[in-house]
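target-v3.pdb (PDB, C-alpha atoms) appears below.
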ATOM      1  CA  MET A  17     129.593 115.581  94.258
ATOM      2  CA  LEU A  18     126.451 113.434  94.498
ATOM      3  CA  GLU A  19     125.902 114.218  98.177
ATOM      4  CA  SER A  20     125.699 117.987  97.612
ATOM      5  CA  PHE A  21     123.614 117.437  94.461
ATOM      6  CA  LEU A  22     121.034 115.419  96.420
ATOM      7  CA  ARG A  23     121.084 117.856  99.330
ATOM      8  CA  ASP A  24     120.309 120.792  97.020
ATOM      9  CA  ILE A  25     117.483 118.895  95.305
ATOM     10  CA  LYS A  26     115.905 117.918  98.634
ATOM     11  CA  SER A  27     115.936 121.555  99.726
ATOM     12  CA  GLN A  28     114.354 122.640  96.446
ATOM     13  CA  VAL A  29     111.650 119.965  96.585
ATOM     14  CA  ILE A  30     110.699 120.807 100.166
ATOM     15  CA  ALA A  31     110.623 124.558  99.489
ATOM     16  CA  ASP A  32     108.657 124.168  96.255
ATOM     17  CA  THR A  33     106.187 121.713  97.804
ATOM     18  CA  LYS A  34     105.469 124.154 100.598
ATOM     19  CA  SER A  35     104.914 126.909  98.039
ATOM     20  CA  PHE A  36     102.458 124.742  96.077
ATOM     21  CA  ILE A  37     100.339 123.577  99.046
ATOM     22  CA  ASP A  38      98.632 126.074 101.340
ATOM     23  CA  PRO A  39      98.278 124.407 104.774
ATOM     24  CA  THR A  40      94.858 125.864 105.565
ATOM     25  CA  SER A  41      93.067 122.516 106.029
ATOM     26  CA  ASN A  42      93.798 119.249 107.797
ATOM     27  CA  VAL A  43      94.066 117.469 104.450
ATOM     28  CA  ALA A  44      96.647 120.015 103.265
ATOM     29  CA  LYS A  45      98.650 119.514 106.466
ATOM     30  CA  SER A  46      98.473 115.775 105.877
ATOM     31  CA  MET A  47      99.748 116.257 102.310
ATOM     32  CA  LEU A  48     102.705 118.286 103.538
ATOM     33  CA  TYR A  49     103.439 115.835 106.364
ATOM     34  CA  THR A  50     104.446 113.125 103.899
ATOM     35  CA  ALA A  51     105.563 115.208 100.924
ATOM     36  CA  THR A  52     108.097 117.230 102.953
ATOM     37  CA  ALA A  53     109.327 114.404 105.198
ATOM     38  CA  GLU A  54     112.955 113.325 105.068
ATOM     39  CA  SER A  55     113.508 111.283 101.910
ATOM     40  CA  LYS A  56     116.053 110.516  99.222
ATOM     41  CA  CYS A  57     114.112 112.532  96.594
ATOM     42  CA  PHE A  58     115.535 109.976  94.169
ATOM     43  CA  ARG A  59     112.929 110.566  91.462
ATOM     44  CA  ALA A  60     113.464 114.322  91.606
ATOM     45  CA  ALA A  61     117.201 113.677  91.327
ATOM     46  CA  LEU A  62     116.585 111.591  88.198
ATOM     47  CA  VAL A  63     114.684 114.508  86.646
ATOM     48  CA  HIS A  64     117.582 116.874  87.315
ATOM     49  CA  ALA A  65     120.244 114.357  86.249
ATOM     50  CA  THR A  66     118.408 113.752  82.974
ATOM     51  CA  ALA A  67     118.131 117.485  82.324
ATOM     52  CA  ILE A  68     121.832 117.946  83.000
ATOM     53  CA  GLY A  69     122.697 114.891  80.922
ATOM     54  CA  LEU A  70     120.714 116.167  77.932
ATOM     55  CA  ASN A  71     121.796 119.796  78.422
ATOM     56  CA  ILE A  72     118.233 121.017  79.081
ATOM     57  CA  LYS A  73     118.506 124.593  80.355
ATOM     58  CA  ASN A  74     114.947 125.385  81.535
ATOM     59  CA  ASN A  75     115.693 125.028  85.235
ATOM     60  CA  SER A  76     112.336 126.407  86.420
ATOM     61  CA  ALA A  77     110.489 123.741  84.441
ATOM     62  CA  VAL A  78     112.884 121.054  85.674
ATOM     63  CA  ARG A  79     112.296 122.079  89.304
ATOM     64  CA  GLU A  80     108.517 122.060  88.895
ATOM     65  CA  LEU A  81     108.529 118.662  87.228
ATOM     66  CA  ALA A  82     110.841 117.193  89.865
ATOM     67  CA  THR A  83     108.589 118.390  92.687
ATOM     68  CA  CYS A  84     105.440 117.123  90.975
ATOM     69  CA  ILE A  85     106.900 113.650  90.505
ATOM     70  CA  GLU A  86     107.879 113.570  94.176
ATOM     71  CA  MET A  87     104.288 114.522  95.053
ATOM     72  CA  LEU A  88     103.047 111.592  92.985
ATOM     73  CA  HIS A  89     105.483 109.303  94.764
ATOM     74  CA  SER A  90     104.338 110.607  98.160
ATOM     75  CA  TYR A  91     100.716 109.956  97.206
ATOM     76  CA  SER A  92     101.583 106.337  96.416
ATOM     77  CA  LEU A  93     103.345 105.892  99.772
ATOM     78  CA  ILE A  94     100.382 107.249 101.752
ATOM     79  CA  HIS A  95      97.979 104.840 100.050
ATOM     80  CA  ASP A  96     100.471 101.954 100.183
ATOM     81  CA  ASP A  97     100.662 102.223 103.980
ATOM     82  CA  LEU A  98      96.871 102.202 104.547
ATOM     83  CA  PRO A  99      95.367  99.393 106.662
ATOM     84  CA  CYS A 100      93.482  98.109 103.623
ATOM     85  CA  MET A 101      96.738  97.895 101.637
ATOM     86  CA  ASP A 102     100.044  97.028 103.358
ATOM     87  CA  ASP A 103      98.985  98.243 106.825
ATOM     88  CA  ASP A 104     102.304  99.859 107.720
ATOM     89  CA  ASP A 105     102.652 102.274 110.630
ATOM     90  CA  LEU A 106     106.099 103.745 109.859
ATOM     91  CA  ARG A 107     107.246 105.745 106.830
ATOM     92  CA  ARG A 108     110.273 107.955 106.303
ATOM     93  CA  GLY A 109     111.181 107.556 109.962
ATOM     94  CA  LYS A 110     107.838 108.912 111.215
ATOM     95  CA  PRO A 111     104.365 107.519 111.936
ATOM     96  CA  ALA A 112     102.609 106.714 108.666
ATOM     97  CA  ASN A 113     100.183 109.348 107.425
ATOM     98  CA  HIS A 114      97.065 107.435 108.500
ATOM     99  CA  ILE A 115      98.530 106.956 111.990
ATOM    100  CA  GLN A 116      99.154 110.686 112.314
ATOM    101  CA  PHE A 117      95.983 112.019 110.670
ATOM    102  CA  GLY A 118      93.517 109.135 110.518
ATOM    103  CA  GLU A 119      92.657 106.823 107.657
ATOM    104  CA  ALA A 120      90.051 109.009 105.950
ATOM    105  CA  THR A 121      92.302 112.081 105.904
ATOM    106  CA  ALA A 122      95.194 109.993 104.591
ATOM    107  CA  VAL A 123      93.073 108.750 101.677
ATOM    108  CA  LEU A 124      92.066 112.311 100.832
ATOM    109  CA  ALA A 125      95.647 113.562 101.183
ATOM    110  CA  GLY A 126      96.901 110.924  98.760
ATOM    111  CA  ASP A 127      94.183 111.791  96.262
ATOM    112  CA  ALA A 128      94.893 115.487  96.660
ATOM    113  CA  LEU A 129      98.662 115.115  96.163
ATOM    114  CA  GLN A 130      98.089 113.263  92.912
ATOM    115  CA  LEU A 131      95.699 115.886  91.557
ATOM    116  CA  ARG A 132      97.774 118.828  92.806
ATOM    117  CA  ALA A 133     100.848 117.493  91.010
ATOM    118  CA  LEU A 134      98.978 117.278  87.708
ATOM    119  CA  GLN A 135      97.377 120.699  88.260
ATOM    120  CA  ILE A 136     100.807 122.309  88.749
ATOM    121  CA  ILE A 137     101.959 120.933  85.411
ATOM    122  CA  VAL A 138      98.784 122.111  83.641
ATOM    123  CA  GLU A 139      99.066 125.624  85.086
ATOM    124  CA  SER A 140     102.838 125.989  84.702
ATOM    125  CA  SER A 141     104.084 129.020  82.788
ATOM    126  CA  ASN A 142     107.518 127.388  82.502
ATOM    127  CA  ILE A 143     106.551 124.204  80.645
ATOM    128  CA  LYS A 144     105.652 124.422  76.955
ATOM    129  CA  ILE A 145     102.149 123.402  75.890
ATOM    130  CA  ASP A 146     103.228 120.461  73.720
ATOM    131  CA  ALA A 147     105.550 119.268  76.485
ATOM    132  CA  LYS A 148     102.691 119.467  79.012
ATOM    133  CA  LEU A 149     100.564 117.132  76.904
ATOM    134  CA  SER A 150     103.348 114.576  76.545
ATOM    135  CA  ILE A 151     104.280 114.758  80.225
ATOM    136  CA  LEU A 152     100.693 114.456  81.441
ATOM    137  CA  SER A 153     100.070 111.471  79.192
ATOM    138  CA  GLU A 154     103.226 109.786  80.476
ATOM    139  CA  LEU A 155     102.428 110.412  84.161
ATOM    140  CA  LEU A 156      98.781 109.379  83.856
ATOM    141  CA  ASP A 157      99.900 106.124  82.261
ATOM    142  CA  ALA A 158     102.563 105.545  84.924
ATOM    143  CA  CYS A 159     100.161 106.135  87.823
ATOM    144  CA  GLY A 160      96.982 104.745  86.277
ATOM    145  CA  TYR A 161      95.089 101.483  86.249
ATOM    146  CA  GLN A 162      97.646  99.879  83.924
ATOM    147  CA  GLY A 163     100.609 101.324  85.805
ATOM    148  CA  MET A 164     101.295 101.882  89.492
ATOM    149  CA  ILE A 165      97.720 101.013  90.515
ATOM    150  CA  LEU A 166      97.879  97.683  88.687
ATOM    151  CA  GLY A 167     101.239  97.046  90.352
ATOM    152  CA  GLN A 168      99.638  97.591  93.761
ATOM    153  CA  GLU A 169      96.757  95.278  92.836
ATOM    154  CA  LEU A 170      99.134  92.511  91.736
ATOM    155  CA  ASP A 171     101.224  93.082  94.873
ATOM    156  CA  MET A 172      98.177  92.376  97.037
ATOM    157  CA  LEU A 173      97.079  89.390  94.923
ATOM    158  CA  GLY A 174     100.589  87.985  95.263
ATOM    159  CA  GLU A 175     100.106  87.631  99.007
ATOM    160  CA  LYS A 176      97.844  84.630  98.303
ATOM    161  CA  ASP A 177      98.823  83.624  94.775
ATOM    162  CA  PRO A 178     102.502  82.625  94.345
ATOM    163  CA  SER A 179     102.072  82.456  90.569
ATOM    164  CA  ILE A 180     101.892  86.249  90.311
ATOM    165  CA  ASN A 181     104.987  87.536  88.507
ATOM    166  CA  VAL A 182     107.126  89.477  91.014
ATOM    167  CA  GLU A 183     109.080  91.169  88.208
ATOM    168  CA  GLU A 184     105.804  92.505  86.750
ATOM    169  CA  ILE A 185     104.840  93.836  90.179
ATOM    170  CA  HIS A 186     108.171  95.626  90.530
ATOM    171  CA  SER A 187     108.054  96.977  86.985
ATOM    172  CA  LEU A 188     104.594  98.479  87.428
ATOM    173  CA  LYS A 189     104.624  99.525  91.073
ATOM    174  CA  THR A 190     108.124 101.015  91.230
ATOM    175  CA  ALA A 191     109.950 101.132  87.911
ATOM    176  CA  LYS A 192     107.191 102.790  85.898
ATOM    177  CA  LEU A 193     107.283 106.108  87.803
ATOM    178  CA  ILE A 194     111.094 106.005  87.828
ATOM    179  CA  ARG A 195     110.993 105.589  84.038
ATOM    180  CA  SER A 196     108.618 108.544  83.855
ATOM    181  CA  ALA A 197     110.971 110.784  85.851
ATOM    182  CA  ILE A 198     113.633 110.267  83.190
ATOM    183  CA  CYS A 199     111.331 110.402  80.162
ATOM    184  CA  CYS A 200     109.345 113.439  81.320
ATOM    185  CA  ALA A 201     112.536 115.412  81.935
ATOM    186  CA  ALA A 202     113.585 114.748  78.340
ATOM    187  CA  MET A 203     110.109 115.752  77.110
ATOM    188  CA  LEU A 204     110.616 119.269  78.457
ATOM    189  CA  GLU A 205     112.639 120.116  75.354
ATOM    190  CA  ILE A 206     112.747 117.036  73.122
ATOM    191  CA  LYS A 207     109.591 116.376  71.099
ATOM    192  CA  ASP A 208     110.306 112.741  70.186
ATOM    193  CA  ILE A 209     112.252 110.607  72.644
ATOM    194  CA  THR A 210     111.265 107.242  71.176
ATOM    195  CA  SER A 211     114.726 106.562  69.739
ATOM    196  CA  MET A 212     116.625 107.478  72.914
ATOM    197  CA  LYS A 213     116.072 104.252  74.912
ATOM    198  CA  LEU A 214     115.164 106.283  77.998
ATOM    199  CA  ASN A 215     112.310 103.909  78.855
ATOM    200  CA  GLU A 216     114.806 101.059  78.844
ATOM    201  CA  LEU A 217     117.209 103.035  81.018
ATOM    202  CA  GLY A 218     114.460 103.854  83.504
ATOM    203  CA  GLU A 219     113.316 100.227  83.603
ATOM    204  CA  HIS A 220     116.796  99.016  84.526
ATOM    205  CA  ILE A 221     117.228 101.666  87.236
ATOM    206  CA  GLY A 222     113.705 101.109  88.555
ATOM    207  CA  MET A 223     114.043  97.327  88.727
ATOM    208  CA  ALA A 224     117.425  97.616  90.446
ATOM    209  CA  PHE A 225     115.909 100.085  92.914
ATOM    210  CA  GLN A 226     113.056  97.764  93.935
ATOM    211  CA  ILE A 227     115.188  94.627  94.024
ATOM    212  CA  THR A 228     117.597  96.496  96.307
ATOM    213  CA  ASP A 229     114.638  97.473  98.498
ATOM    214  CA  ASP A 230     113.790  93.767  98.749
ATOM    215  CA  ILE A 231     117.375  93.011  99.769
ATOM    216  CA  LEU A 232     117.473  95.811 102.357
ATOM    217  CA  GLU A 233     114.291  94.508 104.018
ATOM    218  CA  HIS A 234     116.332  91.397 104.888
ATOM    219  CA  THR A 235     119.618  93.084 105.793
ATOM    220  CA  GLU A 236     118.836  96.425 107.496
ATOM    221  CA  THR A 237     116.915  97.493 110.591
ATOM    222  CA  SER A 238     113.663  99.461 110.618
ATOM    223  CA  ASP A 239     115.529 102.449 112.067
ATOM    224  CA  THR A 240     117.946 102.456 109.136
ATOM    225  CA  LEU A 241     115.211 101.954 106.542
ATOM    226  CA  GLY A 242     112.799 104.485 108.053
ATOM    227  CA  LYS A 243     110.035 101.893 107.607
ATOM    228  CA  ASN A 244     109.128  98.492 109.025
ATOM    229  CA  ASN A 245     111.648  95.913 107.818
ATOM    230  CA  LEU A 246     109.219  93.095 108.660
ATOM    231  CA  SER A 247     106.353  94.452 106.582
ATOM    232  CA  ASP A 248     106.814  92.194 103.566
ATOM    233  CA  ALA A 249     107.161  89.107 105.747
ATOM    234  CA  LYS A 250     104.075  90.050 107.777
ATOM    235  CA  ASN A 251     102.002  90.476 104.632
ATOM    236  CA  GLN A 252     103.527  87.418 102.920
ATOM    237  CA  LYS A 253     104.605  89.617 100.020
ATOM    238  CA  GLN A 254     106.346  88.225  97.011
ATOM    239  CA  THR A 255     109.764  89.842  96.802
ATOM    240  CA  TYR A 256     112.747  89.145  94.597
ATOM    241  CA  VAL A 257     114.576  87.657  97.590
ATOM    242  CA  THR A 258     111.771  85.313  98.667
ATOM    243  CA  LYS A 259     111.156  84.261  95.067
ATOM    244  CA  PHE A 260     114.723  83.792  93.812
ATOM    245  CA  GLY A 261     117.021  84.014  96.850
ATOM    246  CA  MET A 262     119.475  86.629  98.107
ATOM    247  CA  ASN A 263     122.353  85.806  95.743
ATOM    248  CA  ALA A 264     120.111  85.932  92.679
ATOM    249  CA  ALA A 265     118.610  89.217  93.864
ATOM    250  CA  MET A 266     122.019  90.822  94.313
ATOM    251  CA  HIS A 267     123.170  89.555  90.931
ATOM    252  CA  SER A 268     120.014  90.806  89.190
ATOM    253  CA  ALA A 269     120.256  94.278  90.755
ATOM    254  CA  GLN A 270     123.895  94.564  89.668
ATOM    255  CA  THR A 271     123.072  93.358  86.145
ATOM    256  CA  HIS A 272     120.330  95.964  85.799
ATOM    257  CA  ILE A 273     122.756  98.696  86.892
ATOM    258  CA  ASN A 274     125.457  97.453  84.517
ATOM    259  CA  ASP A 275     122.954  97.615  81.649
ATOM    260  CA  ALA A 276     121.805 101.060  82.811
ATOM    261  CA  GLN A 277     125.379 102.360  82.829
ATOM    262  CA  LYS A 278     125.883 101.315  79.220
ATOM    263  CA  LEU A 279     122.744 103.219  78.204
ATOM    264  CA  ILE A 280     123.759 106.288  80.225
ATOM    265  CA  GLN A 281     127.074 106.531  78.398
ATOM    266  CA  THR A 282     125.401 106.359  74.984
ATOM    267  CA  SER A 283     122.370 108.562  75.802
ATOM    268  CA  PHE A 284     123.773 111.599  77.630
ATOM    269  CA  GLN A 285     126.157 114.386  76.739
ATOM    270  CA  ASN A 286     126.901 114.932  80.436
ATOM    271  CA  PRO A 287     126.455 111.541  82.139
ATOM    272  CA  GLU A 288     128.206 112.156  85.480
ATOM    273  CA  TYR A 289     125.203 112.691  87.775
ATOM    274  CA  MET A 290     123.115 109.901  86.261
ATOM    275  CA  THR A 291     126.101 107.561  86.489
ATOM    276  CA  GLU A 292     126.467 108.302  90.209
ATOM    277  CA  LEU A 293     122.732 107.983  90.848
ATOM    278  CA  ALA A 294     122.645 104.584  89.168
ATOM    279  CA  ASN A 295     125.562 103.379  91.290
ATOM    280  CA  MET A 296     123.860 104.724  94.423
ATOM    281  CA  VAL A 297     120.807 102.534  93.803
ATOM    282  CA  ILE A 298     122.569  99.330  94.819
ATOM    283  CA  LYS A 299     125.028 100.836  97.320
ATOM    284  CA  ARG A 300     122.471 102.549  99.560
ATOM    285  CA  LYS A 301     121.401 101.340 102.991
ATOM    286  CA  SER A 302     117.860 102.738 102.975
TER     287      SER A 302
END
Could the structure of this file be written out as structure tokens, please?
Amino acid sequence: MLESFLRDIKSQVIADTKSFIDPTSNVAKSMLYTATAESKCFRAALVHATAIGLNIKNNSAVRELATCIEMLHSYSLIHDDLPCMDDDDLRRGKPANHIQFGEATAVLAGDALQLRALQIIVESSNIKIDAKLSILSELLDACGYQGMILGQELDMLGEKDPSINVEEIHSLKTAKLIRSAICCAAMLEIKDITSMKLNELGEHIGMAFQITDDILEHTETSDTLGKNNLSDAKNQKQTYVTKFGMNAAMHSAQTHINDAQKLIQTSFQNPEYMTELANMVIKRKS
């Protein structure tokens, strides 16, 4: 069931991304290069699973939101790989964006993907006005200077300062956008989600996702991962494995998923897809 669900979402995201970006410039081609590359589309899947779980019927709005969140994720990957950041040359099984298009174009493509995603939400005829405001506020917080950007800053500082909190890095750099995928999907039709514990659910899934990434960097090849499995070691990154050890990392990832599963069962009318996605987080190989 999950395999066909993910396959359908990937097809939708790729088709919708191509419809939202006109490849008439080199920057636009660079945007599409990363945003339509082979990927799990995990964040888009979370949007759809949340909508199904909460019985949200506005599928056009769900599709738009899912694609926009994947664009935001793609922007972060392009900038993450830059020579001035993590200096990685492989992403999603292909040369990193700056290798393919040059560093300056990659910077512009990342910027453009971020702004295009927000523009699509603003201009959408499928998303209600009050929902747009809530969603934009959530995404700007997730991606902003106290969100994903701060996570990237702390990630770089951690290369030289072992006192930097690796769990804070993971929470900001990875989990915050994963939380937003779940919360923004609920915001499409629910005005006040504060009592639903969706932030907590997203935090558990997001932390498990990044801790599993840390584990996979030590256990899988670059070919399997679609990115350089030696990147963190090269950059002397703080990871959950290097900080706490492999056994502790595996235990923590499983604990986060166990806690997530409890919240899924109490939060959703139709929990099947979210349940499977949460289990996939720690069972995947890439």
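Look at A:Met290: the protein and nucleic acid residues within 9 Å of it, using only C-alpha atoms and passing over chain neighbours fewer than 3 places away, are Ala61, Leu62, His64, Ala65, Thr66, Ile68, Gly69, Gln277, Ile280, Phe284, Asn286, Pro287, Leu293, Ala294 and Asn295 of chain A.
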(request) Taking the file as shown, find all residues satisfying the PyMOL selection byres ((chain A and resi 166) around 12) and write them as number ranges by chain. (result) A: 157-165, 167-173, 184-190, 192
(message) For this structure, which residues satisfy the selection - the PyMOL selection byres ((chain A and resi 67) around 12) - when it is evaluated on the file as given? I want them as a PyMOL selection string.
(response) chain A and resi 60-66+68-79+81-82+197-206+283-290
Picked residues, the PyMOL selection byres ((chain A and resi 195) around 8), as a compact mmCIF listing (two decimals) with C-alpha atoms, in the coordinates of the input:
# COMPACT_ATOMS: atom_id res chain seq x y z
CA ALA A 191 109.95 101.13 87.91
CA LYS A 192 107.19 102.79 85.90
CA LEU A 193 107.28 106.11 87.80
CA ILE A 194 111.09 106.00 87.83
CA SER A 196 108.62 108.54 83.86
CA ALA A 197 110.97 110.78 85.85
CA ILE A 198 113.63 110.27 83.19
CA CYS A 199 111.33 110.40 80.16
CA LEU A 214 115.16 106.28 78.00
CA ASN A 215 112.31 103.91 78.86
CA GLU A 216 114.81 101.06 78.84
CA LEU A 217 117.21 103.04 81.02
CA GLY A 218 114.46 103.85 83.50
CA GLU A 219 113.32 100.23 83.60
CA GLY A 222 113.70 101.11 88.56
(request) For stretch 114-123 of chain A, please output as a ChimeraX atom specification all residues within 6 Å (counting only C-alpha atoms; exclusion window: fewer than 3 positions along the same chain). (result) /A:43,111,126
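If you count only C-alpha atoms and ignore residues fewer than 3 places along the chain from A:Met262, what sits within 10 Å of it is Ile227, Asp230, Ile231, His234, Tyr256, Val257, Thr258, Lys259, Ala265, Met266, His267 and Ser268 of chain A.
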(request) Could you check how far atom CA of A:Asp24 sits from atom CA of A:Glu54, in Å to one decimal? (result) 13.2 Å
(request) Would you kindly identify which residues have an atom no farther than 12 Å from (122.6, 117.0, 98.7), using only C-alpha atoms and the file's own coordinates, and write them out as a ChimeraX atom specification? (result) /A:17-29,55-58,60-61,293
(request) Can you pull out every residue within 8 Å of stretch 33-41 of chain A, counting all atoms listed in the file, but drop anything in the same chain fewer than 6 positions away, and send it as a list in words? (result) Leu48, Ala51, Thr52, Thr83, Met87 and Ile136 of chain A
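A straight line drawn from atom CA of A:Leu149 to atom CA of A:Leu93 is 25.6 Å long.
Counting only C-alpha atoms, the residue from A:Ile137, A:Ile85, A:Gln130, A:Ala147 that sits nearest to A:Asp208 is A:Ala147.
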(message) What does the structure give for the distance between atom CA of A:Leu155 and atom CA of A:Leu129, in Å to one decimal?
(response) 13.4 Å
(request) Using all atoms listed in the file, collect all residues at a distance of at most 9 Å from (120.4, 102.6, 101.3) as written in the file, then present them as a ChimeraX atom specification. (result) /A:228-229,232,236,240-241,296-302
(request) Using all atoms listed in the file, find the one residue out of A:Lys278, A:Lys110, A:Asp103, A:Met212 that sits nearest to A:Asn251. (result) A:Asp103
